[in-house]
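The structure under discussion appears below in the form of structure tokens.
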Amino acid sequence: MSTHSKLMVGNWKMNGNLAANASLISDVLAGMSSVGCRTAVCVPSVYLSQLQTLLKGSAIDLGAQDVSAQLSGAFTGEISASMLQDFAVRYCIVGHSERRQYHNETDALVATKAQRALAAGITPIVCVGESLAEREAGQTEAVVKRQLAAVIHANGHCISEIVVAYEPVWAIGTGLTASPEQAQQVHAVLRAQLQAASAHADRVSILYGGSMNATNAAELLAQPDVDGGLIGGAALKAPDFLSMLKTASR
Ligand code: PEP
């Protein structure tokens, strides 16, 4: 179990527009008085400025969905960690399975991205998770340990400053959720790996992600090593997101 309160992070992915973002955030902010968990939203980069303004002084932190592994220069389309810093970004997702899958991001690249975020004072939310084929082949533990090991290797003693998100690929956006027992089993493996790498591993929040919603959040969050959630689809509906934030605040 992490020493911190639960952390609930909405991943908006490539959704939203100026009007919809303003409306969603206004509805979520209206319900925040009864929320006691740490909360963040990871928004498309073009909306960081908008959200920085809308979230100013609120209990919701701002997050990005990716960061370049490069520092600056001729990398068309990339966004550096220092650029994210300009918008008071607190968290940055790295290694989301959609980036590993559709943009061929390797474990080494993800580790460098985590390093860039940490150097800029931004907490990387490092995503790990197995595909359905890997689970069925009994490789779940080996896959998530390999993915996390790359980040541990590149980041040494800073490892206690990261957030980890276990996101089984087969559960993302599919409506399939890992059972609480399946999630706990993998979270315990990740916790042990972090403990072996750092004396301060109890500072690391390990989030579960994959079709978490207002109905299944309570039993997932009740697991001893589930320190919060990374939420896609359900974070786009204010009542659902708020309900999950309240569950995480208990
Ligand atoms: C995610 O994008 O990180 C995610 C978990 O998505 P969903 O909740 O929609 O499965």
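Here, A, B, ... name the chains of the structure tokens in the order displayed, residue numbers run from 1 inside each chain, and ligands are numbered from 1 in the same displayed order.
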request  = Within 6 Å of Tyr208 (chain A), counting only C-alpha atoms, which residues show up once you throw out same-chain ones fewer than 2 positions away? Write them as a PyMOL selection string, please.
outcome  = chain A and resi 165-166+229
Return as a Markdown table the residues of chain A lying at most 8 Å from ligand 1, together with the closest atom-to-atom pair for each and the distance in Å to one decimal, counting only C-alpha atoms and all ligand atoms, with rows in chain order and ascending residue number.
```
| residue | atom | partner | partner_atom_place_in_ligand_line | distance |
| --- | --- | --- | --- | --- |
| A:Gly10 | CA | ligand 1 | 3 (O) | 7.9 |
| A:Asn11 | CA | ligand 1 | 2 (O) | 5.6 |
| A:Trp12 | CA | ligand 1 | 2 (O) | 7.5 |
| A:Lys13 | CA | ligand 1 | 2 (O) | 6.6 |
| A:His96 | CA | ligand 1 | 3 (O) | 6.9 |
| A:Glu167 | CA | ligand 1 | 5 (C) | 6.4 |
| A:Ala171 | CA | ligand 1 | 10 (O) | 6.0 |
| A:Ile172 | CA | ligand 1 | 10 (O) | 3.4 |
| A:Gly173 | CA | ligand 1 | 10 (O) | 3.6 |
| A:Thr174 | CA | ligand 1 | 10 (O) | 6.3 |
| A:Gly175 | CA | ligand 1 | 10 (O) | 6.8 |
| A:Tyr208 | CA | ligand 1 | 5 (C) | 7.8 |
| A:Gly209 | CA | ligand 1 | 5 (C) | 4.0 |
| A:Gly210 | CA | ligand 1 | 5 (C) | 3.7 |
| A:Ser211 | CA | ligand 1 | 10 (O) | 3.5 |
| A:Met212 | CA | ligand 1 | 8 (O) | 5.3 |
| A:Asn213 | CA | ligand 1 | 8 (O) | 7.2 |
| A:Leu230 | CA | ligand 1 | 3 (O) | 5.3 |
| A:Ile231 | CA | ligand 1 | 8 (O) | 4.1 |
| A:Gly232 | CA | ligand 1 | 6 (O) | 3.4 |
| A:Gly233 | CA | ligand 1 | 9 (O) | 3.8 |
| A:Ala234 | CA | ligand 1 | 8 (O) | 6.1 |
| A:Ala235 | CA | ligand 1 | 8 (O) | 7.6 |
```
Written selection (C-alpha atoms) as a short mmCIF file (atom, residue, chain, number, x, y, z; two decimals), in the first residue's frame:
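Resulting contents of part17.cif:
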```
data_model
loop_
_atom_site.label_atom_id
_atom_site.label_comp_id
_atom_site.auth_asym_id
_atom_site.auth_seq_id
_atom_site.Cartn_x
_atom_site.Cartn_y
_atom_site.Cartn_z
CA GLY A 10 -8.53 10.79 -16.00
CA ASN A 11 -6.94 10.07 -19.37
CA TRP A 12 -8.94 12.02 -21.93
CA LYS A 13 -7.01 10.50 -24.86
CA HIS A 96 0.53 4.00 -22.58
CA GLU A 167 -3.17 -1.52 -17.51
CA ALA A 171 -9.03 -4.44 -20.59
CA ILE A 172 -8.46 -0.97 -22.06
CA GLY A 173 -11.55 0.47 -23.72
CA THR A 174 -13.02 -3.02 -24.10
CA GLY A 175 -15.42 -3.13 -21.19
CA TYR A 208 -5.12 0.17 -12.02
CA GLY A 209 -6.44 1.06 -15.47
CA GLY A 210 -8.67 -0.80 -17.88
CA SER A 211 -12.42 -0.19 -18.10
CA MET A 212 -12.57 1.04 -14.51
CA ASN A 213 -15.98 2.61 -13.98
CA LEU A 230 -6.12 5.57 -14.51
CA ILE A 231 -9.47 6.08 -16.15
CA GLY A 232 -10.22 6.54 -19.83
CA GLY A 233 -13.83 6.44 -21.04
CA ALA A 234 -15.47 6.94 -17.63
CA ALA A 235 -13.43 10.12 -17.02
#
```
inquiry  = as a list in words, please: the residues near region 46-62 of chain A (cut-off 8 Å, only C-alpha atoms, same-chain neighbours under 2 positions excluded).
reply    =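 In the requested form, the answer reads Leu18, Ala22, Ile25, Leu29, Met32, Arg38, Thr39, Ala40, Val41, Cys42, Val43, Pro44, Ala64, Phe87, Ala88, Val89, Arg90 and Tyr91 of chain A.
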Take the residues from that selection and write them out as a compact mmCIF listing (two decimals), in the first residue's frame, keeping N, CA, C and O atoms.
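Okay, again36.txt is ready:
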```
# COMPACT_ATOMS: atom_id res chain seq x y z
N LEU A 18 -12.72 22.77 -27.12
CA LEU A 18 -12.71 23.85 -26.13
C LEU A 18 -14.01 23.88 -25.33
O LEU A 18 -13.99 23.96 -24.10
N ALA A 22 -14.50 22.69 -21.26
CA ALA A 22 -14.94 23.66 -20.26
C ALA A 22 -16.15 23.14 -19.51
O ALA A 22 -16.25 23.25 -18.28
N ILE A 25 -15.12 20.05 -17.18
CA ILE A 25 -14.36 20.45 -16.00
C ILE A 25 -15.22 21.24 -15.03
O ILE A 25 -15.13 21.08 -13.81
N LEU A 29 -15.61 20.11 -11.26
CA LEU A 29 -15.20 21.03 -10.18
C LEU A 29 -16.37 21.30 -9.23
O LEU A 29 -16.17 21.43 -8.02
N MET A 32 -16.33 18.74 -6.42
CA MET A 32 -15.05 18.41 -5.78
C MET A 32 -15.02 18.62 -4.27
O MET A 32 -14.12 18.12 -3.61
N ARG A 38 -6.38 12.37 -4.27
CA ARG A 38 -5.64 13.18 -5.24
C ARG A 38 -6.26 12.94 -6.62
O ARG A 38 -6.63 11.80 -6.96
N THR A 39 -6.38 14.00 -7.38
CA THR A 39 -7.08 13.92 -8.68
C THR A 39 -6.29 14.66 -9.75
O THR A 39 -5.72 15.72 -9.48
N ALA A 40 -6.28 14.09 -10.96
CA ALA A 40 -5.63 14.78 -12.09
C ALA A 40 -6.36 14.42 -13.38
O ALA A 40 -7.05 13.38 -13.45
N VAL A 41 -6.21 15.27 -14.37
CA VAL A 41 -6.70 14.94 -15.72
C VAL A 41 -5.54 15.12 -16.71
O VAL A 41 -4.82 16.12 -16.65
N CYS A 42 -5.35 14.12 -17.56
CA CYS A 42 -4.31 14.16 -18.59
C CYS A 42 -4.99 14.48 -19.91
O CYS A 42 -5.79 13.67 -20.42
N VAL A 43 -4.70 15.65 -20.45
CA VAL A 43 -5.48 16.18 -21.57
C VAL A 43 -4.59 16.27 -22.82
O VAL A 43 -3.37 16.27 -22.74
N PRO A 44 -5.21 16.37 -24.00
CA PRO A 44 -4.41 16.56 -25.22
C PRO A 44 -3.57 17.83 -25.10
O PRO A 44 -4.03 18.83 -24.53
N ALA A 64 -0.25 15.61 -18.76
CA ALA A 64 -0.13 15.43 -20.21
C ALA A 64 -0.19 13.94 -20.51
O ALA A 64 -0.12 13.12 -19.59
N PHE A 87 3.37 24.90 -18.61
CA PHE A 87 1.93 24.90 -18.35
C PHE A 87 1.59 24.27 -17.01
O PHE A 87 0.46 23.84 -16.79
N ALA A 88 2.58 24.26 -16.11
CA ALA A 88 2.36 23.74 -14.75
C ALA A 88 1.83 22.31 -14.76
O ALA A 88 0.97 21.94 -13.97
N VAL A 89 2.37 21.51 -15.67
CA VAL A 89 1.96 20.11 -15.74
C VAL A 89 2.59 19.34 -14.57
O VAL A 89 3.79 19.42 -14.34
N ARG A 90 1.78 18.60 -13.84
CA ARG A 90 2.24 17.87 -12.66
C ARG A 90 2.54 16.40 -12.98
O ARG A 90 3.43 15.80 -12.40
N TYR A 91 1.74 15.84 -13.89
CA TYR A 91 1.89 14.43 -14.26
C TYR A 91 2.01 14.28 -15.78
O TYR A 91 1.47 15.10 -16.53
```
task = Within region 8-244 of chain A, find each residue whose DSSP state, derived from the backbone, is alpha helix (DSSP H), and express the selection as a PyMOL selection string.
result = chain A and resi 18-30+48-55+81-85+97-102+107-119+132-136+140-155+180-197+217-221+238-244
inquiry  = I need the residue nearest Val226 (chain A) from this list: A:Ala248, A:Ala214, A:Val35, A:Ala114. Use only C-alpha atoms for the distance.
reply    =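 Among the listed residues, the smallest separation from Val226 (chain A) belongs to A:Ala248.
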Env of Glu161 (chain A): 10 Å cut, atoms = only C-alpha atoms, seq-sep filter 4 positions within chain, self excluded. Answer as a CSV table (one decimal) with N, CA, C and O atoms, in the first residue's frame.
```csv
chain,number,residue,atom,x,y,z
A,118,LEU,N,10.9,13.3,-15.1
A,118,LEU,CA,11.5,13.5,-13.8
A,118,LEU,C,12.4,14.7,-13.7
A,118,LEU,O,12.4,15.5,-12.7
A,121,GLY,N,10.8,17.8,-13.2
A,121,GLY,CA,9.9,17.9,-12.0
A,121,GLY,C,8.5,17.5,-12.3
A,121,GLY,O,7.6,17.9,-11.5
A,122,ILE,N,8.3,16.7,-13.3
A,122,ILE,CA,7.0,16.2,-13.6
A,122,ILE,C,6.9,14.7,-13.3
A,122,ILE,O,7.9,14.0,-13.6
A,123,THR,N,5.9,14.3,-12.6
A,123,THR,CA,5.8,12.9,-12.2
A,123,THR,C,5.3,12.0,-13.4
A,123,THR,O,4.2,12.2,-13.9
A,124,PRO,N,6.2,11.1,-13.9
A,124,PRO,CA,5.7,10.2,-14.9
A,124,PRO,C,4.8,9.1,-14.4
A,124,PRO,O,5.0,8.5,-13.4
A,125,ILE,N,3.7,8.9,-15.1
A,125,ILE,CA,2.8,7.8,-14.8
A,125,ILE,C,3.1,6.7,-15.8
A,125,ILE,O,2.8,6.8,-17.0
A,155,ASN,N,16.4,5.0,-14.2
A,155,ASN,CA,16.0,6.1,-13.3
A,155,ASN,C,16.6,6.0,-11.8
A,155,ASN,O,16.4,6.9,-11.0
A,157,HIS,N,17.7,5.9,-8.2
A,157,HIS,CA,17.1,6.2,-6.9
A,157,HIS,C,15.8,7.1,-7.1
A,157,HIS,O,15.0,7.2,-6.2
A,200,HIS,N,12.4,3.5,-0.6
A,200,HIS,CA,11.2,4.4,-0.5
A,200,HIS,C,10.1,4.0,-1.5
A,200,HIS,O,9.3,4.9,-1.9
A,201,ALA,N,10.0,2.7,-1.8
A,201,ALA,CA,9.0,2.3,-2.8
A,201,ALA,C,7.6,2.5,-2.3
A,201,ALA,O,6.6,2.6,-3.1
A,203,ARG,N,6.3,5.1,-1.4
A,203,ARG,CA,5.8,6.4,-1.9
A,203,ARG,C,5.2,6.2,-3.3
A,203,ARG,O,4.5,7.2,-3.7
A,204,VAL,N,5.4,5.1,-3.9
A,204,VAL,CA,5.0,5.0,-5.3
A,204,VAL,C,3.5,4.5,-5.3
A,204,VAL,O,3.2,3.5,-4.7
A,205,SER,N,2.7,5.2,-6.0
A,205,SER,CA,1.3,4.8,-6.2
A,205,SER,C,1.2,3.9,-7.4
A,205,SER,O,1.7,4.3,-8.4
```
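When CA of Ala133 (chain A) is paired with CA of Ala108 (chain A), their separation reads 22.2 Å.
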query = Please, what distance in Å, to one decimal, runs between CA of Ser198 (chain A) and CA of Gly95 (chain A)?
reply = 21.3 Å
inquiry  = One decimal, in Å: what's the spacing between CA of Val189 (chain A) and CA of His153 (chain A)?
reply    =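 Going from CA of Val189 (chain A) over to CA of His153 (chain A), I get 17.0 Å.
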query = Taking only C-alpha atoms into account, which of A:Ala154, A:Leu236, A:Val110, A:Arg135 comes nearest Asn21 (chain A)?
reply =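 The closest residue to Asn21 (chain A) is A:Leu236.
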